[in-house]
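As C-alpha cells, the structure follows; a few thoughts come after it.
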Amino acid sequence: MNSPFSRIGVVGAGAMGRGIVQLYAQCGHQVVLHDMQKTAIDAALAYLHDTFSRLAEKGRMTPEQAQAAIGHVSAADSLQDFAGCDLVIEAIAERLDVKRQTFIALEEIVGPDCVLASNTSSLSITAIAAACEHPGRVAGYHFFNPVPLMKVVEVVRGPRTSAQVIDRLVELSRVAGHTPVVCQDTPGFIVNHAGRGFGPESLRVLHEGVAEVPVIDRLLREQVDIGGQGFRLGPFELMDLTGLDVSHPVMESIYHQYYEEPRYKPSVIGAQRVAAGLYGRKTGEGFYSHAGGAQQTPAEPPAPALPAGLRVWVAPGEMRDAVRELVTGLGASLDEGSAPAADSLIVVTPLGLDATTAARGLDASRVIALDTLFPFGLRACKRRAIMSTPATLPAVREAAHALFAADGARVGVLRDSPGFVAQRVVAMIVTIACDIAQQQVASPADIDVAVRLGLGYPLGPLAMGDAIGPQRILAILAGMHEVTGDPRCRPSLWLQRRAQLGLSLLHEE
Ligand SMILES: NC(=O)c1ccc[n+]([C@@H]2O[C@H](COP(=O)([O-])OP(=O)(O)OC[C@H]3O[C@@H](n4cnc5c(N)ncnc54)[C@H](O)[C@@H]3O)[C@@H](O)[C@H]2O)c1
C-alpha cells in the first residue's frame with residue numbers, strides 16, 4: 001500500500017465514524033478510534049468485528065485479511081492517543097461549537113504536519129478552520145452513508161486550506177477505492193447542493209395540489225427515462241427513508257446559507273410534518289405508512305374503459321406527428337381539421353407551460369396536456385403523464401386516461417402544473433447543477449460524478465441536461481417562468497450560454 005497517511009485517527013464512533021474506520025482498516029491503515037462515550041466505542045468495535053467476520057464468511061476477504069483488518073483498529077480513551085497520527089478525521093455531532101472545540105484540542109496534541117479533516121455535511125469548513133492556529137491543515141472530507149458502499153467522497157477546500165492537504169486526501173481516497181471529488185467550501189458542497197432540485201421541487205408540486213404523493217413518486221421513477229433509467233426512488237420515498245427530521249433541516253440550512261435563494265426554498269409541508277413527528281420509516285409514518293417496517297403504497301386505481309368512437313385533435317407543435325401516431329395506435333380516430341371539431345378531445349404538448357396556458361384559443365373544457373419530454377410512443381414507455389385545466393370536463397379527463405393507458409402503460413393524471421411533474425423536477429435539477437458549475441464550486445465532470453454516485457441518479461445532472469437537450473431544458477424553465485413569474489425558474493447563465501452556443505453542459509471554458 002502506497003498511502004499518503006500511515007496512522008489515521010477517527011473521532012466519533014457513530015454511523016459515519018465506524019464506516020470510515022472500516023474503510024481504512026480494510027486497506028491496511030492503522031486506525032485509532034475515539035468517542036466521548038465509551039459505550040459508543042465498544043459498540044463500534046463489536047460492529048467492526050462482526051462486519052469483518054461476515055465479509056470473510058461471504059468470501060469478500062480471506063479470514064487472514066479479516067483478522068489483519070480488525071488488528072489495525074485500536075480504541076483510544078482520550079484524544080491524547082492521537083499524538084502519532086498524521087491524519088485525524090472528525091465525525092462527531094453536527095454542531096459548530098463542538099467541532100471547533102475538538103479541533104482546538106487536537107491541535108495541541110498532534111504534530112505540525114497532521115491533517116485535520118471534518119466529515120460535516122452542512123457546516124462551513126472555513127468556520128471550523130478559523131478556530132485553528134493552522135487553518136491550512138484543515139479540510140472537509142465528506143463521506144456518504146454507508147461509507148464502504150457509497151464510493152464517493154467530497155474533498156472540501158476552504159479558502160485557507162493548503163493545496164498539498166487536498167492532494168493528499170485525494171490520493172488517500174483512491175487508495176481506499178473511493179472516487180474523490182474536489183470542491184470549494186460552499187453550503188451543501190456538491191451533492192447536498194445539487195440535491196435541492198429533487199425534493200424541494202417535488203414538495204412544491206405537492207404543495208400546489210398537482211397530484212398525490214404516490215402519483216409524483218411513480219412518475220419520477222417510471223416516466224423519467226434517461227438511457228432506459230429513471231430515478232431509483234421517488235422523492236417522497238427517499239425522504240421517508242432518510243427521515244424528514246434529517247432532510248427538512250438540511251433544506252432550511254442550505255436555503256438560509258444561500259441568503260434565501262428562491263431555488264432552494266423549503267416547503268411548509270416539510271416543516272409541518274416534522275413538527276408532527278411524521279419523519280418516515282423511523283417513526284412508522286411519513287408520506288407513506290411504514291407499519292411493520294415496510295412502505296405501504298396505496299394500490300393504483302385501474303384505468304377507466306376506453307369510450308367508443310373517441311376522436312382526437314392534436315395541437316400543432318414539435319411533437320404533433322408523433323402524438324398523432326400514438327393516438328391512432330391506441331385506437332382513437334384523428335380529427336385532422338385545422339381547428340378541433342366540436343366533440344373532439346384536444347391534446348396539447350406543452351414544455352414548461354401549464355395546460356391552461358397551452359389551451360389559449362382552444363375550448364379548455366376539452367383540453368388535455370400530454371408530457372412528451374421522455375419517450376411516450378406506443379408500447380415505448382412504462383408510464384405517461386397527462387394533466388387537465390381547471391375547466392377540463394371530468395369525462396374528458398377519464399377518456400384521455402383510458403386512451404393513454406390503452407397499450408398497457410400506466411398513466412399519472414395531474415391537475416394543472418407548469419411543467420407537469422417530471423419536466424419541472426428534471427429542469428430544476430439541471431439548472432441547479434449548472435449554477436454549481438457557474439459558481440466554480442467544482443469541475444463539471446466532478447459535479448456529475450459526485451451526484452451520480454452520491455445520489456444514485458441515472459446520469460449526472462449535466463449529462464442528463466445534455467441527453468434531454470440544453471435548449472429543451474431552457475424552454476421548460478422559460479415556460480415555468482412565464483406561468484409563475486417565480487425567480488426560482490430563471491435559467492442558469494451556464495445553461496443559457498451553452499444552449500445558445502450549442503455546447504455541452506459539461507463544456508468548461
Ligand atoms: N449520517 C449520515 O448520513 C452522514 C453522512 C455524511 C456526513 N455526516 C456527518 O458526520 C458526522 C457524524 O454523523 P453520524 O451520523 O455518524 O452521527 P452519530 O450520532 O451516529 O455519531 C456521532 C458520535 O459522535 C460522538 N460525539 C459527539 N460529540 C463528541 C465529542 N465532542 N467528542 C467525541 N465524540 C463525540 C457521539 O457520542 C456519537 O457516538 C456529522 O457531522 C454528520 O453531519 C453524517
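Labeling convention for the C-alpha cells: chains A, B, ... as they appear, residues from 1 per chain, ligands from 1 in order of appearance.
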Find the residues around A:Leu87 up to 6 Å (only C-alpha atoms counted), leave out those fewer than 4 positions away in its own chain, and share them as JSON, numbers by chain.
{"A": [8, 114, 115, 116]}
Produce a file of the selected residues containing C-alpha atoms, as a PDB file, in the first residue's frame.
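The new file result.pdb reads:
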ATOM      1  CA  ILE A   8      -5.358   7.761  10.971  1.00  0.00           C
ATOM      2  CA  CYS A 114      -1.031  16.331  10.830  1.00  0.00           C
ATOM      3  CA  VAL A 115      -4.030  16.987   8.595  1.00  0.00           C
ATOM      4  CA  LEU A 116      -7.360  17.692  10.324  1.00  0.00           C
TER       5      LEU A 116
END
Please provide the set of residues having any atom within 6 Å of stretch 438-455 of chain A, restricted to only C-alpha atoms, with same-chain residues fewer than 4 positions apart removed, written as an NGL selection string.
:A and (181 or 183-184 or 191 or 459-461 or 494 or 506)
Saved selection, atoms kept: N, CA and C atoms, as a PDB file, in the first residue's frame:
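What landed in again33.pdb:
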ATOM      1  N   VAL A 181     -13.938  13.798  -5.157  1.00  0.00           N
ATOM      2  CA  VAL A 181     -14.318  14.971  -5.948  1.00  0.00           C
ATOM      3  C   VAL A 181     -13.932  16.195  -5.128  1.00  0.00           C
ATOM      4  N   CYS A 183     -14.059  20.058  -4.108  1.00  0.00           N
ATOM      5  CA  CYS A 183     -14.984  21.192  -4.249  1.00  0.00           C
ATOM      6  C   CYS A 183     -14.629  22.305  -3.275  1.00  0.00           C
ATOM      7  N   GLN A 184     -15.126  23.486  -3.601  1.00  0.00           N
ATOM      8  CA  GLN A 184     -14.914  24.655  -2.729  1.00  0.00           C
ATOM      9  C   GLN A 184     -15.855  24.547  -1.538  1.00  0.00           C
ATOM     10  N   VAL A 191     -22.955  17.572  -3.511  1.00  0.00           N
ATOM     11  CA  VAL A 191     -24.075  16.627  -3.563  1.00  0.00           C
ATOM     12  C   VAL A 191     -25.323  17.174  -2.861  1.00  0.00           C
ATOM     13  N   LEU A 459     -27.952   9.518 -14.479  1.00  0.00           N
ATOM     14  CA  LEU A 459     -26.797  10.205 -15.070  1.00  0.00           C
ATOM     15  C   LEU A 459     -26.487  11.393 -14.176  1.00  0.00           C
ATOM     16  N   GLY A 460     -25.288  11.923 -14.308  1.00  0.00           N
ATOM     17  CA  GLY A 460     -25.005  13.180 -13.619  1.00  0.00           C
ATOM     18  C   GLY A 460     -25.944  14.246 -14.174  1.00  0.00           C
ATOM     19  N   PRO A 461     -26.239  15.303 -13.404  1.00  0.00           N
ATOM     20  CA  PRO A 461     -27.244  16.283 -13.846  1.00  0.00           C
ATOM     21  C   PRO A 461     -26.864  17.042 -15.117  1.00  0.00           C
ATOM     22  N   TRP A 494     -24.996  29.549 -17.005  1.00  0.00           N
ATOM     23  CA  TRP A 494     -24.224  28.440 -17.591  1.00  0.00           C
ATOM     24  C   TRP A 494     -25.081  27.707 -18.642  1.00  0.00           C
ATOM     25  N   LEU A 506     -21.402  20.066 -20.090  1.00  0.00           N
ATOM     26  CA  LEU A 506     -20.148  19.680 -19.432  1.00  0.00           C
ATOM     27  C   LEU A 506     -18.972  20.508 -19.967  1.00  0.00           C
TER      28      LEU A 506
END
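Contacts with ligand 1 are defined as any residue atom within 6 Å of a ligand atom, using only C-alpha atoms and all ligand atoms; the residues meeting this criterion are Val11, Gly12, Ala13, Gly14, Ala15, Met16, Gly17, Asp35, Met36, Gln37, Ala40, Ala91, Ile92, Ala93, Glu94, Val98, Asn119, Thr120, Ser121, His142, Phe143, Phe144 and Asn145 of chain A.
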Only C-alpha atoms, please: the residues just picked out, written as an mmCIF file, in the first residue's frame.
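out-v4.cif was written with the following content:
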data_model
loop_
_atom_site.group_PDB
_atom_site.id
_atom_site.type_symbol
_atom_site.label_atom_id
_atom_site.label_comp_id
_atom_site.auth_asym_id
_atom_site.auth_seq_id
_atom_site.Cartn_x
_atom_site.Cartn_y
_atom_site.Cartn_z
ATOM 1 C CA VAL A 11 -13.168 10.977 16.396
ATOM 2 C CA GLY A 12 -16.783 9.893 16.699
ATOM 3 C CA ALA A 13 -17.812 6.220 16.641
ATOM 4 C CA GLY A 14 -21.333 6.676 15.252
ATOM 5 C CA ALA A 15 -22.707 5.612 11.873
ATOM 6 C CA MET A 16 -20.090 7.568 9.918
ATOM 7 C CA GLY A 17 -17.062 7.130 12.185
ATOM 8 C CA ASP A 35 -15.607 8.771 21.117
ATOM 9 C CA MET A 36 -16.619 10.690 24.218
ATOM 10 C CA GLN A 37 -18.905 7.793 25.068
ATOM 11 C CA ALA A 40 -20.137 4.045 21.503
ATOM 12 C CA ALA A 91 -17.228 12.580 12.625
ATOM 13 C CA ILE A 92 -18.879 13.844 15.804
ATOM 14 C CA ALA A 93 -22.110 15.742 16.465
ATOM 15 C CA GLU A 94 -23.103 18.255 13.758
ATOM 16 C CA VAL A 98 -18.433 21.214 19.469
ATOM 17 C CA ASN A 119 -16.910 14.886 7.826
ATOM 18 C CA THR A 120 -19.503 17.634 8.362
ATOM 19 C CA SER A 121 -22.454 17.627 5.943
ATOM 20 C CA HIS A 142 -17.369 14.354 3.349
ATOM 21 C CA PHE A 143 -18.342 10.691 3.068
ATOM 22 C CA PHE A 144 -21.818 9.282 2.471
ATOM 23 C CA ASN A 145 -23.669 6.658 4.447
#
What's around A:Glu318 at 12 Å? Count only C-alpha atoms, leave out sequence neighbours fewer than 5 positions away in its own chain, and write the answer as number ranges by chain.
A: 323-324, 348-351, 372-373, 472
With C-alpha atoms retained, export the selected residues as a CSV table (one decimal), in the first residue's frame.
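Contents of out-v4.csv, as written:
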chain,number,residue,atom,x,y,z
A,323,VAL,CA,-48.6,12.2,-30.8
A,324,ARG,CA,-51.0,11.6,-33.8
A,348,VAL,CA,-51.7,19.9,-26.2
A,349,THR,CA,-48.0,19.1,-25.5
A,350,PRO,CA,-46.5,22.0,-23.5
A,351,LEU,CA,-42.9,22.4,-22.4
A,372,THR,CA,-43.7,14.4,-24.3
A,373,LEU,CA,-40.3,15.1,-22.7
A,472,ARG,CA,-35.4,22.0,-24.2
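For the residues A:Ile368, A:Val32, A:Leu403, A:Val327, ranking by smallest atom-to-atom distance to A:Met387 using only C-alpha atoms places A:Ile368 first.
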Using only C-alpha atoms, which residues sit within 12 Å of A:Cys381 once same-chain residues fewer than 3 positions away are excluded, as a PDB file with C-alpha atoms, in the first residue's frame?
ATOM      1  CA  LEU A 219     -43.824   9.472 -12.412  1.00  0.00           C
ATOM      2  CA  ARG A 221     -39.406   6.525 -11.114  1.00  0.00           C
ATOM      3  CA  GLU A 222     -41.188   5.335 -14.242  1.00  0.00           C
ATOM      4  CA  GLN A 223     -41.898   8.215 -16.607  1.00  0.00           C
ATOM      5  CA  VAL A 224     -38.415   9.674 -16.472  1.00  0.00           C
ATOM      6  CA  ASP A 225     -36.340   7.669 -18.900  1.00  0.00           C
ATOM      7  CA  ILE A 226     -32.743   8.639 -19.419  1.00  0.00           C
ATOM      8  CA  GLY A 228     -33.583   3.453 -20.080  1.00  0.00           C
ATOM      9  CA  GLN A 229     -33.395   4.500 -16.443  1.00  0.00           C
ATOM     10  CA  GLY A 230     -35.463   6.691 -14.146  1.00  0.00           C
ATOM     11  CA  LEU A 326     -49.664   7.342 -30.824  1.00  0.00           C
ATOM     12  CA  THR A 372     -43.720  14.416 -24.330  1.00  0.00           C
ATOM     13  CA  LEU A 373     -40.334  15.102 -22.723  1.00  0.00           C
ATOM     14  CA  PHE A 374     -39.479  11.416 -22.267  1.00  0.00           C
ATOM     15  CA  PRO A 375     -40.340   8.524 -24.612  1.00  0.00           C
ATOM     16  CA  PHE A 376     -44.147   8.360 -24.864  1.00  0.00           C
ATOM     17  CA  GLY A 377     -44.757   6.355 -28.077  1.00  0.00           C
ATOM     18  CA  LEU A 378     -46.851   3.221 -28.499  1.00  0.00           C
ATOM     19  CA  ARG A 384     -47.228   8.632 -19.314  1.00  0.00           C
ATOM     20  CA  ALA A 385     -48.260  11.884 -17.629  1.00  0.00           C
ATOM     21  CA  PHE A 404     -53.195   6.838 -22.976  1.00  0.00           C
ATOM     22  CA  ALA A 405     -53.348   3.598 -20.946  1.00  0.00           C
ATOM     23  CA  ASP A 407     -51.324  -0.097 -24.673  1.00  0.00           C
ATOM     24  CA  GLY A 408     -50.747  -1.155 -21.055  1.00  0.00           C
ATOM     25  CA  ALA A 409     -48.765   1.954 -19.998  1.00  0.00           C
ATOM     26  CA  ARG A 410     -49.720   3.404 -16.611  1.00  0.00           C
ATOM     27  CA  VAL A 411     -50.913   6.989 -16.579  1.00  0.00           C
TER      28      VAL A 411
END
Run DSSP on the backbone and grab whatever in stretch 128-265 of chain A lands in strand (DSSP E or B); send it over as a PyMOL selection string.
chain A and resi 138-142+152-157+179-184+226+229
Go ahead and save the residues from that selection, with N, CA and C atoms, as a PDB file, in the first residue's frame.
ATOM      1  N   VAL A 138      -6.595  22.238   7.591  1.00  0.00           N
ATOM      2  CA  VAL A 138      -7.984  21.803   7.795  1.00  0.00           C
ATOM      3  C   VAL A 138      -8.728  21.713   6.448  1.00  0.00           C
ATOM      4  N   ALA A 139      -9.403  20.592   6.262  1.00  0.00           N
ATOM      5  CA  ALA A 139     -10.203  20.394   5.039  1.00  0.00           C
ATOM      6  C   ALA A 139     -11.477  19.659   5.399  1.00  0.00           C
ATOM      7  N   GLY A 140     -12.433  19.703   4.490  1.00  0.00           N
ATOM      8  CA  GLY A 140     -13.618  18.860   4.640  1.00  0.00           C
ATOM      9  C   GLY A 140     -13.339  17.540   3.954  1.00  0.00           C
ATOM     10  N   TYR A 141     -13.901  16.477   4.523  1.00  0.00           N
ATOM     11  CA  TYR A 141     -13.731  15.147   3.919  1.00  0.00           C
ATOM     12  C   TYR A 141     -15.070  14.456   4.112  1.00  0.00           C
ATOM     13  N   HIS A 142     -15.954  14.683   3.153  1.00  0.00           N
ATOM     14  CA  HIS A 142     -17.369  14.354   3.349  1.00  0.00           C
ATOM     15  C   HIS A 142     -17.748  13.032   2.682  1.00  0.00           C
ATOM     16  N   VAL A 152     -17.919   7.473  -3.070  1.00  0.00           N
ATOM     17  CA  VAL A 152     -17.521   8.821  -3.453  1.00  0.00           C
ATOM     18  C   VAL A 152     -17.287   9.628  -2.183  1.00  0.00           C
ATOM     19  N   VAL A 153     -16.336  10.543  -2.250  1.00  0.00           N
ATOM     20  CA  VAL A 153     -16.078  11.410  -1.085  1.00  0.00           C
ATOM     21  C   VAL A 153     -15.738  12.816  -1.584  1.00  0.00           C
ATOM     22  N   GLU A 154     -16.365  13.798  -0.939  1.00  0.00           N
ATOM     23  CA  GLU A 154     -16.092  15.190  -1.310  1.00  0.00           C
ATOM     24  C   GLU A 154     -14.894  15.686  -0.492  1.00  0.00           C
ATOM     25  N   VAL A 155     -13.883  16.177  -1.205  1.00  0.00           N
ATOM     26  CA  VAL A 155     -12.700  16.741  -0.545  1.00  0.00           C
ATOM     27  C   VAL A 155     -12.873  18.258  -0.632  1.00  0.00           C
ATOM     28  N   VAL A 156     -13.114  18.864   0.543  1.00  0.00           N
ATOM     29  CA  VAL A 156     -13.594  20.244   0.540  1.00  0.00           C
ATOM     30  C   VAL A 156     -12.479  21.223   0.900  1.00  0.00           C
ATOM     31  N   ARG A 157     -12.282  22.170   0.005  1.00  0.00           N
ATOM     32  CA  ARG A 157     -11.208  23.149   0.159  1.00  0.00           C
ATOM     33  C   ARG A 157     -11.773  24.460   0.713  1.00  0.00           C
ATOM     34  N   THR A 179     -13.958   7.363  -5.068  1.00  0.00           N
ATOM     35  CA  THR A 179     -13.726   8.415  -6.057  1.00  0.00           C
ATOM     36  C   THR A 179     -13.754   9.760  -5.346  1.00  0.00           C
ATOM     37  N   PRO A 180     -12.614  10.484  -5.348  1.00  0.00           N
ATOM     38  CA  PRO A 180     -12.627  11.800  -4.704  1.00  0.00           C
ATOM     39  C   PRO A 180     -13.136  12.873  -5.663  1.00  0.00           C
ATOM     40  N   VAL A 181     -13.938  13.798  -5.157  1.00  0.00           N
ATOM     41  CA  VAL A 181     -14.318  14.971  -5.948  1.00  0.00           C
ATOM     42  C   VAL A 181     -13.932  16.195  -5.128  1.00  0.00           C
ATOM     43  N   VAL A 182     -13.209  17.093  -5.762  1.00  0.00           N
ATOM     44  CA  VAL A 182     -12.717  18.263  -5.028  1.00  0.00           C
ATOM     45  C   VAL A 182     -13.718  19.397  -5.207  1.00  0.00           C
ATOM     46  N   CYS A 183     -14.059  20.058  -4.108  1.00  0.00           N
ATOM     47  CA  CYS A 183     -14.984  21.192  -4.249  1.00  0.00           C
ATOM     48  C   CYS A 183     -14.629  22.305  -3.275  1.00  0.00           C
ATOM     49  N   GLN A 184     -15.126  23.486  -3.601  1.00  0.00           N
ATOM     50  CA  GLN A 184     -14.914  24.655  -2.729  1.00  0.00           C
ATOM     51  C   GLN A 184     -15.855  24.547  -1.538  1.00  0.00           C
ATOM     52  N   ILE A 226     -33.989   8.101 -18.880  1.00  0.00           N
ATOM     53  CA  ILE A 226     -32.743   8.639 -19.419  1.00  0.00           C
ATOM     54  C   ILE A 226     -31.853   7.440 -19.689  1.00  0.00           C
ATOM     55  N   GLN A 229     -33.295   4.494 -17.911  1.00  0.00           N
ATOM     56  CA  GLN A 229     -33.395   4.500 -16.443  1.00  0.00           C
ATOM     57  C   GLN A 229     -34.107   5.741 -15.911  1.00  0.00           C
TER      58      GLN A 229
END
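The closest residue to A:Glu336, picked from A:Leu55, A:Ala359, A:Val312, A:Val165 and counting only C-alpha atoms, is A:Val312.
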Take atom CA of A:Gly284 and atom CA of A:Val246 and report the distance between them in Å, one decimal.
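A separation of 15.4 Å between them.
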Pick from A:Val314, A:Leu495, A:Ala406, A:Met319: nearest to A:Arg366, with only C-alpha atoms counted?
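Distance minimum relative to A:Arg366 lands on A:Val314.
Closest to A:Leu206 among A:Val268, A:Ala76, A:Val10, A:Ala299 is A:Val268, based on only C-alpha atoms.
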All helix (DSSP H, G or I) positions in stretch 276-438 of chain A, as JSON, numbers by chain
{"A": [281, 282, 283, 291, 292, 293, 320, 321, 322, 323, 324, 325, 326, 327, 328, 329, 355, 356, 357, 358, 364, 365, 366, 394, 395, 396, 397, 398, 399, 400, 401, 402, 403, 404, 422, 423, 424, 425, 426, 427, 428, 429, 430, 431, 432, 433, 434, 435, 436, 437, 438]}
Selection: 12 Å around A:Ala391, only C-alpha atoms, excl. self and same-chain fewer than 2 positions, as a PyMOL selection string
chain A and resi 355-356+359+362-368+387-389+393-397+415-416
Write out as a PyMOL selection string the residues lying within 8 Å of A:Ile104, counting only C-alpha atoms and excluding same-chain residues fewer than 6 positions away.
chain A and resi 131-133
Could the residues in this selection be written to a file with C-alpha atoms, as a short mmCIF file (atom, residue, chain, number, x, y, z; two decimals), in the first residue's frame?
data_model
loop_
_atom_site.label_atom_id
_atom_site.label_comp_id
_atom_site.auth_asym_id
_atom_site.auth_seq_id
_atom_site.Cartn_x
_atom_site.Cartn_y
_atom_site.Cartn_z
CA ALA A 131 -10.75 28.28 15.28
CA CYS A 132 -7.39 26.65 14.48
CA GLU A 133 -3.91 28.00 14.77
#
